[in-house]
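One file, run.txt, is given below (compact mmCIF, C-alpha atoms).
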# COMPACT_ATOMS: atom_id res chain seq x y z
CA MET A 1 101.68 162.19 53.89
CA SER A 2 100.36 159.30 55.99
CA THR A 3 99.27 160.18 59.52
CA GLU A 4 100.24 156.77 60.89
CA LYS A 5 102.91 156.73 63.57
CA ILE A 6 105.97 154.64 62.76
CA GLY A 7 108.11 152.56 65.10
CA PHE A 8 111.54 151.09 64.32
CA ILE A 9 113.23 148.43 66.45
CA GLY A 10 116.87 147.55 65.73
CA LEU A 11 119.40 150.27 64.86
CA GLY A 12 122.37 148.20 63.69
CA ASN A 13 124.40 148.61 60.51
CA MET A 14 121.28 148.29 58.36
CA GLY A 15 118.54 149.48 60.68
CA HIS A 16 120.14 152.81 61.57
CA PRO A 17 120.30 154.24 58.02
CA MET A 18 116.88 152.81 57.18
CA ALA A 19 115.29 154.47 60.20
CA LYS A 20 117.10 157.69 59.29
CA ASN A 21 115.47 157.62 55.85
CA LEU A 22 112.02 157.33 57.45
CA GLU A 23 112.92 160.24 59.70
CA LYS A 24 114.14 162.34 56.76
CA ALA A 25 110.89 161.57 54.91
CA GLY A 26 109.02 163.30 57.72
CA PHE A 27 107.11 160.36 59.20
CA PRO A 28 106.40 160.61 62.95
CA LEU A 29 108.98 158.13 64.20
CA THR A 30 109.79 156.34 67.44
CA VAL A 31 112.92 154.18 67.65
CA TYR A 32 114.23 151.61 70.08
CA ASN A 33 117.50 149.72 70.31
CA ARG A 34 118.66 147.39 73.04
CA THR A 35 122.02 149.21 73.12
CA ALA A 36 120.58 152.63 73.91
CA GLU A 37 123.43 154.81 72.64
CA LYS A 38 122.76 153.67 69.07
CA ALA A 39 119.56 155.73 69.23
CA ASP A 40 121.31 158.96 70.26
CA GLU A 41 121.33 160.41 66.73
CA PHE A 42 117.52 160.25 66.63
CA LYS A 43 116.87 162.33 69.74
CA ALA A 44 116.75 165.66 67.88
CA GLU A 45 114.01 164.77 65.38
CA SER A 46 112.30 161.59 66.63
CA LYS A 47 111.17 159.94 69.85
CA VAL A 48 113.49 157.41 71.48
CA ALA A 49 111.59 154.76 73.46
CA ASP A 50 112.96 153.29 76.66
CA ASP A 51 111.60 149.83 75.87
CA VAL A 52 109.62 147.77 73.37
CA LYS A 53 106.34 148.40 75.20
CA GLU A 54 106.64 152.17 74.92
CA LEU A 55 107.51 151.99 71.21
CA VAL A 56 104.64 149.66 70.31
CA GLU A 57 102.10 151.67 72.28
CA ASN A 58 103.17 154.83 70.41
CA SER A 59 103.22 153.30 66.90
CA ASP A 60 100.75 152.06 64.28
CA VAL A 61 103.29 150.48 61.92
CA ILE A 62 106.36 148.85 63.48
CA PHE A 63 109.51 147.87 61.59
CA THR A 64 111.92 145.34 63.06
CA MET A 65 115.48 144.76 61.84
CA LEU A 66 117.08 142.13 64.07
CA THR A 67 120.12 139.87 63.99
CA ASN A 68 118.76 136.33 64.10
CA ASP A 69 115.97 133.99 65.22
CA GLU A 70 116.81 134.42 68.89
CA ALA A 71 116.64 138.21 68.76
CA ALA A 72 113.42 138.17 66.72
CA LYS A 73 111.73 135.71 69.07
CA ASP A 74 112.72 137.80 72.08
CA ILE A 75 111.37 141.06 70.65
CA TYR A 76 108.14 139.53 69.38
CA ARG A 77 107.60 137.70 72.67
CA GLN A 78 107.52 141.12 74.31
CA ILE A 79 105.27 142.48 71.58
CA LEU A 80 102.77 139.64 71.95
CA GLU A 81 102.22 140.57 75.59
CA LEU A 82 100.72 143.92 74.48
CA ASP A 83 97.48 145.14 72.94
CA ILE A 84 98.45 145.16 69.26
CA SER A 85 95.09 145.00 67.52
CA GLU A 86 95.18 146.59 64.02
CA LYS A 87 98.90 147.32 64.17
CA LEU A 88 101.14 146.28 61.25
CA PHE A 89 104.52 144.67 61.90
CA ILE A 90 107.13 144.58 59.13
CA ASP A 91 110.07 142.32 59.92
CA MET A 92 113.08 142.92 57.70
CA SER A 93 115.36 140.52 59.57
CA THR A 94 116.83 137.42 57.95
CA VAL A 95 115.47 134.63 60.13
CA SER A 96 114.22 131.12 59.47
CA PRO A 97 110.95 130.91 57.51
CA GLU A 98 109.59 128.69 60.27
CA ALA A 99 110.24 131.28 62.99
CA SER A 100 108.76 134.01 60.83
CA ARG A 101 105.58 132.06 60.11
CA LYS A 102 105.12 131.32 63.82
CA ILE A 103 105.47 135.00 64.62
CA ALA A 104 102.97 135.87 61.87
CA ASP A 105 100.43 133.33 63.17
CA ALA A 106 100.78 134.56 66.75
CA LEU A 107 100.30 138.18 65.72
CA LYS A 108 97.20 137.35 63.68
CA ILE A 109 95.61 135.67 66.71
CA LYS A 110 95.95 139.05 68.43
CA GLU A 111 94.36 140.79 65.38
CA ALA A 112 97.61 142.37 64.19
CA SER A 113 99.14 142.10 60.71
CA PHE A 114 102.60 140.94 59.66
CA LEU A 115 104.88 141.14 56.64
CA ASP A 116 108.22 139.42 56.23
CA ALA A 117 110.18 141.93 54.17
CA PRO A 118 113.91 141.15 54.09
CA VAL A 119 116.09 143.19 51.79
CA ALA A 120 118.63 142.77 49.04
CA GLY A 121 121.43 145.26 49.55
CA SER A 122 123.84 146.21 52.32
CA THR A 123 124.73 149.41 54.17
CA LYS A 124 125.29 151.71 51.16
CA PRO A 125 121.91 150.94 49.51
CA ALA A 126 120.32 151.18 52.97
CA ALA A 127 121.68 154.72 53.34
CA GLU A 128 120.75 155.65 49.77
CA GLY A 129 117.24 154.20 49.99
CA THR A 130 117.86 151.84 47.07
CA LEU A 131 117.21 148.46 48.71
CA ILE A 132 115.06 145.77 47.13
CA PHE A 133 112.31 144.39 49.37
CA MET A 134 111.22 140.76 49.11
CA VAL A 135 107.81 140.65 50.77
CA GLY A 136 105.55 137.91 52.06
CA GLY A 137 102.07 138.68 53.36
CA GLU A 138 98.59 139.82 52.43
CA ASP A 139 97.91 142.34 49.66
CA LYS A 140 96.20 144.85 51.95
CA ASP A 141 99.18 144.87 54.31
CA VAL A 142 101.64 145.38 51.47
CA GLU A 143 99.62 148.36 50.26
CA ARG A 144 99.53 149.79 53.77
CA ALA A 145 103.32 149.42 54.02
CA ARG A 146 104.08 150.71 50.53
CA PRO A 147 104.45 154.45 51.34
CA TYR A 148 107.11 153.63 53.91
CA LEU A 149 108.91 150.94 51.94
CA GLN A 150 109.14 153.33 48.98
CA LYS A 151 111.27 155.65 51.12
CA LEU A 152 113.63 152.78 51.94
CA GLY A 153 114.02 150.96 48.65
CA LYS A 154 113.81 151.16 44.89
CA GLU A 155 111.71 148.03 44.37
CA ILE A 156 109.07 146.08 46.29
CA LYS A 157 108.59 142.47 45.19
CA HIS A 158 105.43 140.94 46.70
CA LEU A 159 106.05 137.22 46.38
CA GLY A 160 103.03 135.69 48.10
CA LYS A 161 101.98 134.67 51.59
CA ASN A 162 104.00 135.01 54.81
CA GLY A 163 107.36 133.28 54.49
CA LYS A 164 107.82 133.89 50.77
CA GLY A 165 109.92 137.00 51.31
CA LEU A 166 112.33 135.06 53.48
CA ALA A 167 112.39 132.19 51.00
CA ALA A 168 113.65 134.63 48.35
CA LYS A 169 116.12 136.22 50.75
CA LEU A 170 117.71 132.89 51.69
CA SER A 171 117.95 131.98 48.02
CA VAL A 172 119.66 135.22 47.01
CA ASN A 173 122.07 135.13 49.94
CA TYR A 174 122.96 131.54 49.10
CA PHE A 175 123.95 132.77 45.65
CA ILE A 176 125.90 135.73 47.06
CA SER A 177 127.83 133.47 49.46
CA ALA A 178 129.00 131.43 46.46
CA LEU A 179 129.77 134.58 44.48
CA TYR A 180 131.94 136.04 47.24
CA GLN A 181 133.88 132.86 47.81
CA GLY A 182 134.41 132.66 44.06
CA LEU A 183 135.49 136.30 43.89
CA ALA A 184 137.94 135.83 46.76
CA GLU A 185 139.48 132.74 45.13
CA THR A 186 139.75 134.57 41.80
CA ILE A 187 141.58 137.50 43.40
CA LEU A 188 143.96 135.12 45.16
CA LEU A 189 144.68 133.40 41.83
CA SER A 190 145.34 136.72 40.08
CA ASP A 191 147.57 137.79 43.02
CA HIS A 192 149.55 134.57 42.56
CA LEU A 193 149.89 135.25 38.84
CA GLY A 194 151.17 138.80 39.42
CA ILE A 195 148.10 140.82 38.42
CA GLU A 196 147.40 143.98 40.42
CA ARG A 197 144.14 143.73 42.32
CA LYS A 198 142.83 147.01 40.94
CA ASP A 199 143.43 145.83 37.38
CA MET A 200 141.79 142.46 38.00
CA LEU A 201 138.77 144.04 39.66
CA ASP A 202 138.43 146.57 36.83
CA ILE A 203 138.30 143.67 34.39
CA ILE A 204 135.76 141.76 36.50
CA ASN A 205 133.52 144.77 37.07
CA GLU A 206 133.50 145.89 33.43
CA SER A 207 132.89 142.40 32.04
CA ALA A 208 129.99 139.98 32.14
CA SER A 209 131.35 138.54 35.39
CA GLY A 210 130.83 141.81 37.25
CA SER A 211 127.79 142.89 39.24
CA GLY A 212 126.70 145.22 41.98
CA ALA A 213 127.90 142.57 44.42
CA THR A 214 131.45 142.60 43.05
CA LYS A 215 131.57 146.39 42.75
CA VAL A 216 130.54 147.02 46.34
CA LYS A 217 133.43 144.85 47.61
CA THR A 218 136.06 146.23 45.24
CA HIS A 219 137.42 148.94 47.55
CA LEU A 220 137.68 146.46 50.44
CA LEU A 221 139.76 144.07 48.35
CA ILE A 222 142.00 146.83 46.97
CA GLU A 223 142.58 148.36 50.40
CA ASP A 224 142.81 144.92 52.05
CA ASP A 225 140.58 146.29 54.83
CA TYR A 226 137.53 144.30 55.82
CA GLN A 227 135.49 146.51 58.14
CA PRO A 228 132.06 144.89 58.04
CA ALA A 229 129.14 146.12 55.99
CA PHE A 230 127.76 142.57 56.17
CA SER A 231 129.76 140.25 58.38
CA LEU A 232 130.97 136.76 57.65
CA ASP A 233 129.12 135.62 60.79
CA LEU A 234 125.82 136.77 59.29
CA MET A 235 126.54 135.13 55.96
CA LEU A 236 127.26 131.82 57.67
CA LYS A 237 123.96 132.16 59.54
CA ASP A 238 122.14 132.63 56.24
CA ILE A 239 123.88 129.71 54.53
CA LEU A 240 122.87 127.44 57.41
CA LEU A 241 119.29 128.76 57.23
CA ALA A 242 119.30 128.02 53.49
CA LYS A 243 120.55 124.50 54.19
CA ASP A 244 117.76 123.93 56.69
CA ALA A 245 115.28 125.28 54.15
CA GLY A 246 116.40 122.78 51.47
CA ALA A 247 119.75 123.84 50.00
CA ASP A 248 121.25 120.36 49.75
CA PHE A 249 123.62 120.60 46.81
CA PRO A 250 127.29 119.78 46.14
CA LEU A 251 128.18 123.47 46.51
CA SER A 252 126.29 123.75 49.82
CA LYS A 253 128.75 121.46 51.56
CA THR A 254 131.74 123.47 50.30
CA LEU A 255 130.22 126.80 51.32
CA ILE A 256 129.32 125.62 54.81
CA GLU A 257 132.76 124.08 55.33
CA THR A 258 134.56 127.22 54.15
CA TYR A 259 132.51 129.83 55.99
CA GLN A 260 132.31 127.73 59.15
CA SER A 261 136.07 127.17 59.17
CA ALA A 262 136.65 130.89 58.57
CA GLN A 263 134.46 131.71 61.56
CA ASN A 264 136.26 129.12 63.68
CA GLU A 265 139.58 130.78 62.83
CA GLY A 266 138.39 134.21 63.97
CA PHE A 267 137.25 135.88 60.74
CA GLY A 268 133.55 136.04 61.64
CA LYS A 269 133.47 139.74 62.54
CA ASP A 270 135.13 140.78 59.29
CA ASP A 271 133.12 141.74 56.24
CA VAL A 272 132.01 138.68 54.32
CA ILE A 273 134.57 139.28 51.57
CA GLY A 274 137.20 139.04 54.31
CA ILE A 275 136.90 135.31 53.68
CA ILE A 276 139.80 136.00 51.32
CA ASN A 277 142.15 136.07 54.33
CA TYR A 278 140.96 132.69 55.55
CA LEU A 279 141.40 131.26 52.04
CA LYS A 280 144.84 132.85 51.75
CA ASN A 281 145.91 131.26 55.03
CA ASN A 282 144.59 127.82 54.09
CA ARG A 283 145.66 127.30 50.49
CA THR A 284 146.23 123.65 49.70

What would the structure in this file look like if it were written as structure tokens?
Amino acid sequence: MSTEKIGFIGLGNMGHPMAKNLEKAGFPLTVYNRTAEKADEFKAESKVADDVKELVENSDVIFTMLTNDEAAKDIYRQILELDISEKLFIDMSTVSPEASRKIADALKIKEASFLDAPVAGSTKPAAEGTLIFMVGGEDKDVERARPYLQKLGKEIKHLGKNGKGLAAKLSVNYFISALYQGLAETILLSDHLGIERKDMLDIINESASGSGATKVKTHLLIEDDYQPAFSLDLMLKDILLAKDAGADFPLSKTLIETYQSAQNEGFGKDDVIGIINYLKNNRT
């Protein structure tokens, strides 16, 4: 067992179960979340920090799981004001590659290390410890992080220098955004043609068209209940980041138009597959 002390900042839908897995693995853990009550479940076994400064000072390896560029910049601005020499920061947020590289460069000036390590998988794989990590950074830092990442995921893909993990993440989420719009449209077509959703989804999931992505949304579509595991707002953010990173294709325009319009009509807080309700309301 490593003797390094672990810090975890960001206890949202993904961060909370991931931090819990580090806690269950027995690592000495300190957590921090801006909304303090989200850390309540850690008080029995781990240390709950009052602020970023306290967490960083009490940790050797610090994980961050944050919502967007703005949140990441705010947290790392606070971090960069501290003595962080020889500490390792592992950012699992989906932010712009440009923002991530700037954070990495700033940390290195202060003699700290940085990995961008976004994940493939949503809340269920996060809880089960079966995420896939897409990692950008130096070999030595990946090896230092490996014992902790292995408790959080089933695979660690080291893709190159800082920024490469995020490049892969934006690419895979671009694909998933298209897949979910396509799945929603397919279910609406089969509804129109009188096929029960459960039957249609059984066919999809047991055929070549099925995948983990379709299976994880099956119960939401059958129950017509779109409590968010990964919200439509976050998917739109990632599509726009992909566009800024170079996704300039015929499908890009359709995806942006659809997801943006769905957000504008109030569907942003629903799970991403809740785009089916926007599509249902706006059939041409």

Spatial neighbours of segment 134-146 of chain A, max dist 6 Å, only C-alpha atoms, sep filter under 3 positions, as number ranges by chain: A: 115-118, 149-150, 157-165

Pull C-alpha atoms from the residues just selected and write them as a PDB file, keeping the file's coordinate frame.
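Resulting contents of out05.pdb:
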ATOM      1  CA  LEU A 115     104.880 141.140  56.640  1.00  0.00           C
ATOM      2  CA  ASP A 116     108.220 139.420  56.230  1.00  0.00           C
ATOM      3  CA  ALA A 117     110.180 141.930  54.170  1.00  0.00           C
ATOM      4  CA  PRO A 118     113.910 141.150  54.090  1.00  0.00           C
ATOM      5  CA  LEU A 149     108.910 150.940  51.940  1.00  0.00           C
ATOM      6  CA  GLN A 150     109.140 153.330  48.980  1.00  0.00           C
ATOM      7  CA  LYS A 157     108.590 142.470  45.190  1.00  0.00           C
ATOM      8  CA  HIS A 158     105.430 140.940  46.700  1.00  0.00           C
ATOM      9  CA  LEU A 159     106.050 137.220  46.380  1.00  0.00           C
ATOM     10  CA  GLY A 160     103.030 135.690  48.100  1.00  0.00           C
ATOM     11  CA  LYS A 161     101.980 134.670  51.590  1.00  0.00           C
ATOM     12  CA  ASN A 162     104.000 135.010  54.810  1.00  0.00           C
ATOM     13  CA  GLY A 163     107.360 133.280  54.490  1.00  0.00           C
ATOM     14  CA  LYS A 164     107.820 133.890  50.770  1.00  0.00           C
ATOM     15  CA  GLY A 165     109.920 137.000  51.310  1.00  0.00           C
TER      16      GLY A 165
END

Write out as a PDB file with C-alpha atoms, in the frame of the given file the residues lying within 10 Å of Pro28 of chain A, counting only C-alpha atoms and excluding same-chain residues fewer than 4 positions away.
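Saved to out08.pdb:
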ATOM      1  CA  SER A   2     100.360 159.300  55.990  1.00  0.00           C
ATOM      2  CA  THR A   3      99.270 160.180  59.520  1.00  0.00           C
ATOM      3  CA  GLU A   4     100.240 156.770  60.890  1.00  0.00           C
ATOM      4  CA  LYS A   5     102.910 156.730  63.570  1.00  0.00           C
ATOM      5  CA  ILE A   6     105.970 154.640  62.760  1.00  0.00           C
ATOM      6  CA  GLY A   7     108.110 152.560  65.100  1.00  0.00           C
ATOM      7  CA  LEU A  22     112.020 157.330  57.450  1.00  0.00           C
ATOM      8  CA  GLU A  23     112.920 160.240  59.700  1.00  0.00           C
ATOM      9  CA  GLU A  45     114.010 164.770  65.380  1.00  0.00           C
ATOM     10  CA  SER A  46     112.300 161.590  66.630  1.00  0.00           C
ATOM     11  CA  LYS A  47     111.170 159.940  69.850  1.00  0.00           C
ATOM     12  CA  ASN A  58     103.170 154.830  70.410  1.00  0.00           C
ATOM     13  CA  SER A  59     103.220 153.300  66.900  1.00  0.00           C
TER      14      SER A  59
END

Residue list as a list in words for point (135.2, 129.3, 61.5), cut-off 12 Å, all atoms listed in the file: Leu232, Asp233, Met235, Leu236, Lys237, Leu255, Ile256, Glu257, Thr258, Tyr259, Gln260, Ser261, Ala262, Gln263, Asn264, Glu265, Gly266, Phe267, Gly268, Lys269, Asp270, Ile275, Tyr278 and Leu279 of chain A

Minimum-distance residue to Phe27 of chain A, chosen among A:Tyr148, A:Ser100, A:Val48, A:Asp91 (using only C-alpha atoms):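 Ranking A:Tyr148, A:Ser100, A:Val48, A:Asp91 by distance to Phe27 of chain A, first place goes to A:Tyr148.
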
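With atom CA of Asp74 of chain A on one side and atom CA of Ala247 of chain A on the other, the separation reads 27.1 Å.
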
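Atom CA of Leu241 of chain A is found 27.4 Å from atom CA of Val61 of chain A.
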
Two-atom distance - atom CA of Ile276 of chain A, atom CA of Gly194 of chain A (Å):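 One can read the atom CA of Ile276 of chain A to atom CA of Gly194 of chain A distance as 16.7 Å.
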
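Compared by their closest atoms to Leu201 of chain A, and using only C-alpha atoms, the residues A:Leu188, A:Leu107, A:Leu234, A:Ile79 rank with A:Leu188 nearest.
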
Spatial neighbours of Phe230 of chain A, 8 Å, only C-alpha atoms, chain gap at least 5 places, as a PyMOL selection string: chain A and resi 122-123+235+271-272

Using all atoms listed in the file: which of A:Lys151, A:Lys43, A:Lys73, A:Lys110 has the shortest distance to Glu98 of chain A: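 Result for the nearest residue to Glu98 of chain A: A:Lys73.
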
For Gly129 of chain A, the nearest of the candidates A:Tyr174, A:Asn13, A:Gly182, A:Met18, counting all atoms listed in the file: A:Met18

Polymer residues at most 10 Å from Ala126 of chain A, all atoms listed in the file, same-chain spacing of 3 or more positions, as a ChimeraX atom specification: /A:13-21,119-123,129-132,152-153

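Here the residues that fall within 7 Å of (112.8, 138.2, 64.5), using all atoms listed in the file, are given as A:Leu66, A:Asn68, A:Asp69, A:Ala71, A:Ala72, A:Lys73, A:Ile75, A:Tyr76, A:Asp91, A:Ser93, A:Val95, A:Ser100.
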
Can you tell me, as JSON, the centre and edge lengths (Å, one decimal) of the axis-aligned box enclosing all of segment 1-15 of chain A's listed atoms after padding each side by 5 Å?
{"center_x": 111.8, "center_y": 154.9, "center_z": 60.2, "size_x": 35.1, "size_y": 24.6, "size_z": 22.6}

Residues near Gly210 of chain A, cut-off 12 Å, all atoms listed in the file, skip fewer than 5 positions along chain, as a PyMOL selection string: chain A and resi 179-180+182-183+200-205+215-218
